[in-house]
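Engineer: Okay, handing you the structure first.
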Amino acid sequence: RQRQMCIRDSNNFDHLDGHLNLFTPLQRRLYRKAIPIKGSDIFHYLRTLFEVRLNRHGVKMSASDEFLSAEVNSFPSTLYPVFVNIIDNAIFWLEDVQVEKRIDLDANASGFLIRNNGPAISERDRQAIFEQGFTRKPGGRGLGLFISKRALQKEGMDIEVLDIPDKLGVAITIKWPEGADAS
């Protein structure tokens, strides 16, 4: 019986340790200077972090070859939380979508693209969503995108909502730093 408890405790510890390891890239002090961050690393991180929630809400998240092969020099502690915030928001807003719920990650010459087929962001809200305290999310505090924008700007990057003519409801771009040689 005691051996069974030790095995169960060991399994619980391993499970908790796995979850805590997800936060390692968020520790700024681990990286004294910007490092190459690949889209494939970001995608793996997001899948691991959101897998249970994506499945529970029936959301399919995919990444294009361009996203997976894209690479930019930055701090994981800057870039990863921005993606986490955007994906978290997307899952929330996709809740009432009646068709297949999708989050698509892509990249082009100017930056990363995150699209979802949730409700479109109104023209009036496109700039406001990056202001401190602005939110349409019930119980939201309006800090996630505000902090994301400021953190990216400190690294010479930016974030904005794109006007998209296709069927996907929201497109957000994370722009590379000026003059970056992102591949």
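Here's how to read the names in the structure tokens: chain A, B, ... by the order shown, residue numbers from 1 in each chain, ligand numbers from 1 in the order shown.
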Out of segment 69-115 of chain A, which residues get strand (DSSP E or B) from DSSP, as a ChimeraX atom specification?

Structural biologist: /A:71-74,101-108,111-115

Engineer: Could you list, as JSON, numbers by chain, every residue within 9 Å of Ile87 of chain A, counting only C-alpha atoms and ignoring same-chain residues fewer than 6 positions away?

Structural biologist: {"A": [46, 50, 103, 114]}

Engineer: Could you state the separation of atom CA of Pro138 of chain A and atom CA of Asn89 of chain A in Å, given to one decimal place?

Structural biologist: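 These atoms are spaced 11.7 Å apart.
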
Engineer: Name all residues at most 10 Å from Leu113 of chain A (count only C-alpha atoms; drop same-chain ones fewer than 3 positions away) and give them as an mmCIF file with all heavy atoms, in the first residue's frame.

Structural biologist:
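Done, and the output landed in around-v3.cif:
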```
data_model
loop_
_atom_site.group_PDB
_atom_site.id
_atom_site.type_symbol
_atom_site.label_atom_id
_atom_site.label_comp_id
_atom_site.auth_asym_id
_atom_site.auth_seq_id
_atom_site.Cartn_x
_atom_site.Cartn_y
_atom_site.Cartn_z
ATOM 1 N N ALA A 63 -0.948 25.069 -37.863
ATOM 2 C CA ALA A 63 0.151 25.973 -38.221
ATOM 3 C C ALA A 63 0.611 25.640 -39.634
ATOM 4 O O ALA A 63 0.790 24.467 -39.980
ATOM 5 C CB ALA A 63 1.308 25.827 -37.244
ATOM 6 N N PHE A 67 4.712 29.205 -40.923
ATOM 7 C CA PHE A 67 4.782 29.496 -39.493
ATOM 8 C C PHE A 67 5.811 28.596 -38.816
ATOM 9 O O PHE A 67 6.650 29.071 -38.050
ATOM 10 C CB PHE A 67 3.413 29.307 -38.817
ATOM 11 C CG PHE A 67 3.430 29.636 -37.351
ATOM 12 C CD1 PHE A 67 3.199 30.936 -36.931
ATOM 13 C CD2 PHE A 67 3.692 28.667 -36.398
ATOM 14 C CE1 PHE A 67 3.234 31.257 -35.576
ATOM 15 C CE2 PHE A 67 3.724 28.973 -35.044
ATOM 16 C CZ PHE A 67 3.495 30.279 -34.635
ATOM 17 N N ASP A 104 -5.722 29.456 -36.841
ATOM 18 C CA ASP A 104 -4.680 29.160 -37.818
ATOM 19 C C ASP A 104 -3.488 30.083 -37.593
ATOM 20 O O ASP A 104 -3.648 31.300 -37.511
ATOM 21 C CB ASP A 104 -5.216 29.338 -39.243
ATOM 22 C CG ASP A 104 -6.365 28.386 -39.540
ATOM 23 O OD1 ASP A 104 -6.242 27.196 -39.209
ATOM 24 O OD2 ASP A 104 -7.380 28.840 -40.093
ATOM 25 N N LEU A 105 -2.308 29.482 -37.494
ATOM 26 C CA LEU A 105 -1.066 30.224 -37.320
ATOM 27 C C LEU A 105 -0.323 30.220 -38.653
ATOM 28 O O LEU A 105 -0.179 29.182 -39.287
ATOM 29 C CB LEU A 105 -0.211 29.576 -36.230
ATOM 30 C CG LEU A 105 -0.904 29.374 -34.871
ATOM 31 C CD1 LEU A 105 -0.013 28.593 -33.934
ATOM 32 C CD2 LEU A 105 -1.319 30.688 -34.267
ATOM 33 N N ASP A 106 0.151 31.392 -39.043
ATOM 34 C CA ASP A 106 0.834 31.544 -40.319
ATOM 35 C C ASP A 106 1.951 32.571 -40.136
ATOM 36 O O ASP A 106 2.077 33.191 -39.084
ATOM 37 C CB ASP A 106 -0.178 32.008 -41.382
ATOM 38 C CG ASP A 106 0.292 31.748 -42.811
ATOM 39 O OD1 ASP A 106 1.396 31.191 -43.010
ATOM 40 O OD2 ASP A 106 -0.453 32.112 -43.734
ATOM 41 N N ALA A 107 2.740 32.770 -41.152
ATOM 42 C CA ALA A 107 3.800 33.782 -41.134
ATOM 43 C C ALA A 107 4.018 34.266 -42.551
ATOM 44 O O ALA A 107 3.766 33.552 -43.518
ATOM 45 C CB ALA A 107 5.097 33.204 -40.570
ATOM 46 N N ASN A 108 4.478 35.502 -42.660
ATOM 47 C CA ASN A 108 4.861 36.046 -43.962
ATOM 48 C C ASN A 108 6.094 36.914 -43.760
ATOM 49 O O ASN A 108 6.704 36.880 -42.686
ATOM 50 C CB ASN A 108 3.690 36.813 -44.611
ATOM 51 C CG ASN A 108 3.226 37.997 -43.791
ATOM 52 O OD1 ASN A 108 3.972 38.568 -42.999
ATOM 53 N ND2 ASN A 108 1.977 38.379 -43.986
ATOM 54 N N SER A 110 6.480 39.912 -43.096
ATOM 55 C CA SER A 110 6.437 40.971 -42.089
ATOM 56 C C SER A 110 6.170 40.486 -40.673
ATOM 57 O O SER A 110 6.327 41.245 -39.728
ATOM 58 C CB SER A 110 5.407 42.037 -42.473
ATOM 59 O OG SER A 110 4.131 41.462 -42.576
ATOM 60 N N ILE A 159 2.093 44.678 -32.600
ATOM 61 C CA ILE A 159 0.935 43.813 -32.791
ATOM 62 C C ILE A 159 -0.216 44.676 -33.269
ATOM 63 O O ILE A 159 -0.377 45.808 -32.814
ATOM 64 C CB ILE A 159 0.577 43.064 -31.477
ATOM 65 C CG1 ILE A 159 -0.602 42.120 -31.677
ATOM 66 C CG2 ILE A 159 0.311 44.044 -30.348
ATOM 67 C CD1 ILE A 159 -0.883 41.241 -30.459
ATOM 68 N N GLU A 160 -0.976 44.143 -34.215
ATOM 69 C CA GLU A 160 -2.148 44.879 -34.677
ATOM 70 C C GLU A 160 -3.196 43.920 -35.237
ATOM 71 O O GLU A 160 -2.889 42.790 -35.594
ATOM 72 C CB GLU A 160 -1.784 45.938 -35.711
ATOM 73 C CG GLU A 160 -1.228 45.419 -36.987
ATOM 74 C CD GLU A 160 -0.820 46.531 -37.948
ATOM 75 O OE1 GLU A 160 -0.306 47.577 -37.504
ATOM 76 O OE2 GLU A 160 -1.012 46.325 -39.163
ATOM 77 N N VAL A 161 -4.419 44.414 -35.282
ATOM 78 C CA VAL A 161 -5.523 43.670 -35.874
ATOM 79 C C VAL A 161 -5.562 44.009 -37.354
ATOM 80 O O VAL A 161 -5.480 45.186 -37.726
ATOM 81 C CB VAL A 161 -6.866 44.042 -35.211
ATOM 82 C CG1 VAL A 161 -8.022 43.309 -35.876
ATOM 83 C CG2 VAL A 161 -6.825 43.759 -33.724
ATOM 84 N N LEU A 162 -5.673 43.001 -38.196
ATOM 85 C CA LEU A 162 -5.718 43.210 -39.639
ATOM 86 C C LEU A 162 -7.153 43.198 -40.132
ATOM 87 O O LEU A 162 -8.013 42.514 -39.576
ATOM 88 C CB LEU A 162 -4.942 42.109 -40.363
ATOM 89 C CG LEU A 162 -3.459 41.995 -40.053
ATOM 90 C CD1 LEU A 162 -2.867 40.805 -40.783
ATOM 91 C CD2 LEU A 162 -2.737 43.268 -40.411
ATOM 92 N N ALA A 171 -7.961 38.453 -37.597
ATOM 93 C CA ALA A 171 -6.557 38.217 -37.939
ATOM 94 C C ALA A 171 -5.708 39.223 -37.174
ATOM 95 O O ALA A 171 -5.959 40.422 -37.219
ATOM 96 C CB ALA A 171 -6.317 38.362 -39.435
ATOM 97 N N ILE A 172 -4.737 38.706 -36.480
ATOM 98 C CA ILE A 172 -3.817 39.539 -35.703
ATOM 99 C C ILE A 172 -2.414 39.246 -36.204
ATOM 100 O O ILE A 172 -2.061 38.087 -36.451
ATOM 101 C CB ILE A 172 -3.944 39.235 -34.196
ATOM 102 C CG1 ILE A 172 -5.337 39.656 -33.714
ATOM 103 C CG2 ILE A 172 -2.852 39.931 -33.403
ATOM 104 C CD1 ILE A 172 -5.630 39.343 -32.270
ATOM 105 N N THR A 173 -1.628 40.285 -36.356
ATOM 106 C CA THR A 173 -0.242 40.089 -36.768
ATOM 107 C C THR A 173 0.696 40.544 -35.659
ATOM 108 O O THR A 173 0.443 41.538 -34.990
ATOM 109 C CB THR A 173 0.080 40.828 -38.091
ATOM 110 O OG1 THR A 173 1.420 40.523 -38.481
ATOM 111 C CG2 THR A 173 -0.075 42.322 -37.969
ATOM 112 N N ILE A 174 1.752 39.779 -35.489
ATOM 113 C CA ILE A 174 2.866 40.164 -34.623
ATOM 114 C C ILE A 174 3.989 40.480 -35.580
ATOM 115 O O ILE A 174 4.533 39.592 -36.242
ATOM 116 C CB ILE A 174 3.259 39.026 -33.657
ATOM 117 C CG1 ILE A 174 2.084 38.693 -32.737
ATOM 118 C CG2 ILE A 174 4.501 39.422 -32.858
ATOM 119 C CD1 ILE A 174 2.306 37.466 -31.870
ATOM 120 N N LYS A 175 4.301 41.762 -35.683
ATOM 121 C CA LYS A 175 5.281 42.213 -36.678
ATOM 122 C C LYS A 175 6.700 41.992 -36.187
ATOM 123 O O LYS A 175 7.030 42.232 -35.030
ATOM 124 C CB LYS A 175 5.068 43.696 -36.965
ATOM 125 C CG LYS A 175 3.751 43.996 -37.628
ATOM 126 C CD LYS A 175 3.645 45.490 -37.858
ATOM 127 C CE LYS A 175 2.496 45.856 -38.733
ATOM 128 N NZ LYS A 175 2.488 47.288 -38.991
#
```

Engineer: Rounded to one decimal, what separation in Å do you get between atom CA of Lys137 of chain A and atom CA of Met61 of chain A?

Structural biologist: 21.4 Å

Engineer: Pick out the residues sitting within 10 Å of Leu68 of chain A, and hand them over as a PyMOL selection string; count only C-alpha atoms, and ignore anything fewer than 6 positions along from it in its own chain.

Structural biologist: chain A and resi 38-44+105-107

Engineer: Quick one: everything within 12 Å of Phe134 of chain A, counting only C-alpha atoms, minus sequence neighbours fewer than 3 positions away in the same chain. Send it as a ChimeraX atom specification.

Structural biologist: /A:124-131,137-147

Engineer: What would the file look like if the residues just selected were written as a PDB file, in the first residue's frame with C-alpha atoms?

Structural biologist:
```
ATOM      1  CA  ARG A 124     -14.259  50.972 -33.524  1.00  0.00           C
ATOM      2  CA  ASP A 125     -12.622  48.361 -31.275  1.00  0.00           C
ATOM      3  CA  ARG A 126      -9.575  47.579 -33.457  1.00  0.00           C
ATOM      4  CA  GLN A 127      -7.309  50.154 -31.834  1.00  0.00           C
ATOM      5  CA  ALA A 128      -9.123  50.267 -28.508  1.00  0.00           C
ATOM      6  CA  ILE A 129      -8.356  46.614 -27.729  1.00  0.00           C
ATOM      7  CA  PHE A 130      -4.733  47.591 -27.121  1.00  0.00           C
ATOM      8  CA  GLU A 131      -5.647  50.317 -24.610  1.00  0.00           C
ATOM      9  CA  LYS A 137     -14.864  39.955 -22.310  1.00  0.00           C
ATOM     10  CA  PRO A 138     -17.183  39.497 -19.317  1.00  0.00           C
ATOM     11  CA  GLY A 139     -15.018  39.664 -16.202  1.00  0.00           C
ATOM     12  CA  GLY A 140     -11.978  40.720 -18.263  1.00  0.00           C
ATOM     13  CA  ARG A 141      -9.582  43.376 -17.004  1.00  0.00           C
ATOM     14  CA  GLY A 142      -8.358  44.702 -20.332  1.00  0.00           C
ATOM     15  CA  LEU A 143      -4.677  44.178 -19.606  1.00  0.00           C
ATOM     16  CA  GLY A 144      -3.548  41.234 -21.766  1.00  0.00           C
ATOM     17  CA  LEU A 145      -3.333  42.906 -25.162  1.00  0.00           C
ATOM     18  CA  PHE A 146      -2.243  46.206 -23.618  1.00  0.00           C
ATOM     19  CA  ILE A 147       0.724  44.520 -21.907  1.00  0.00           C
TER      20      ILE A 147
END
```

Engineer: In Å to one decimal, how far is atom CA of Leu79 of chain A from atom CA of Gly169 of chain A?

Structural biologist: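 Computing it gives 23.1 Å between the two atoms.
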
Engineer: Pick from A:Asn55, A:Ala90, A:Arg115, A:Pro36: nearest to Ser69 of chain A, with only C-alpha atoms counted?

Structural biologist: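 With only C-alpha atoms as the atom set, the closest residue is A:Pro36.
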
Engineer: Within 10 Å of Pro119 of chain A, counting only C-alpha atoms, which residues qualify if same-chain residues fewer than 6 places away don't, as an mmCIF file with N, CA and C atoms, in the first residue's frame?

Structural biologist:
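Final file, out37.cif:
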```
data_model
loop_
_atom_site.group_PDB
_atom_site.id
_atom_site.type_symbol
_atom_site.label_atom_id
_atom_site.label_comp_id
_atom_site.auth_asym_id
_atom_site.auth_seq_id
_atom_site.Cartn_x
_atom_site.Cartn_y
_atom_site.Cartn_z
ATOM 1 N N ALA A 90 -8.876 33.894 -28.305
ATOM 2 C CA ALA A 90 -9.532 33.250 -29.447
ATOM 3 C C ALA A 90 -10.434 32.107 -28.981
ATOM 4 N N TRP A 93 -13.631 33.568 -27.517
ATOM 5 C CA TRP A 93 -14.563 34.156 -28.487
ATOM 6 C C TRP A 93 -15.104 33.141 -29.485
ATOM 7 N N LEU A 94 -14.465 32.002 -29.613
ATOM 8 C CA LEU A 94 -14.963 30.946 -30.500
ATOM 9 C C LEU A 94 -16.082 30.119 -29.856
ATOM 10 N N GLU A 95 -16.336 30.346 -28.587
ATOM 11 C CA GLU A 95 -17.292 29.532 -27.835
ATOM 12 C C GLU A 95 -18.645 29.373 -28.532
ATOM 13 N N ASP A 96 -19.198 30.435 -29.066
ATOM 14 C CA ASP A 96 -20.537 30.378 -29.654
ATOM 15 C C ASP A 96 -20.553 30.172 -31.167
ATOM 16 N N VAL A 97 -19.406 29.934 -31.764
ATOM 17 C CA VAL A 97 -19.339 29.705 -33.205
ATOM 18 C C VAL A 97 -19.967 28.344 -33.512
ATOM 19 N N LEU A 168 -12.455 34.081 -42.407
ATOM 20 C CA LEU A 168 -12.012 34.033 -41.016
ATOM 21 C C LEU A 168 -12.316 35.362 -40.338
ATOM 22 N N GLY A 169 -12.825 35.305 -39.122
ATOM 23 C CA GLY A 169 -13.317 36.494 -38.454
ATOM 24 C C GLY A 169 -12.287 37.457 -37.919
ATOM 25 N N VAL A 170 -11.152 36.984 -37.435
ATOM 26 C CA VAL A 170 -10.158 37.858 -36.805
ATOM 27 C C VAL A 170 -8.769 37.458 -37.288
#
```

Engineer: Point out the residue among A:Leu152, A:Asn85, A:Val59, A:Met157 with the least atom-to-atom distance to Glu178 of chain A, counting only C-alpha atoms.

Structural biologist: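 Among A:Leu152, A:Asn85, A:Val59, A:Met157, it is A:Met157 that comes nearest to Glu178 of chain A.
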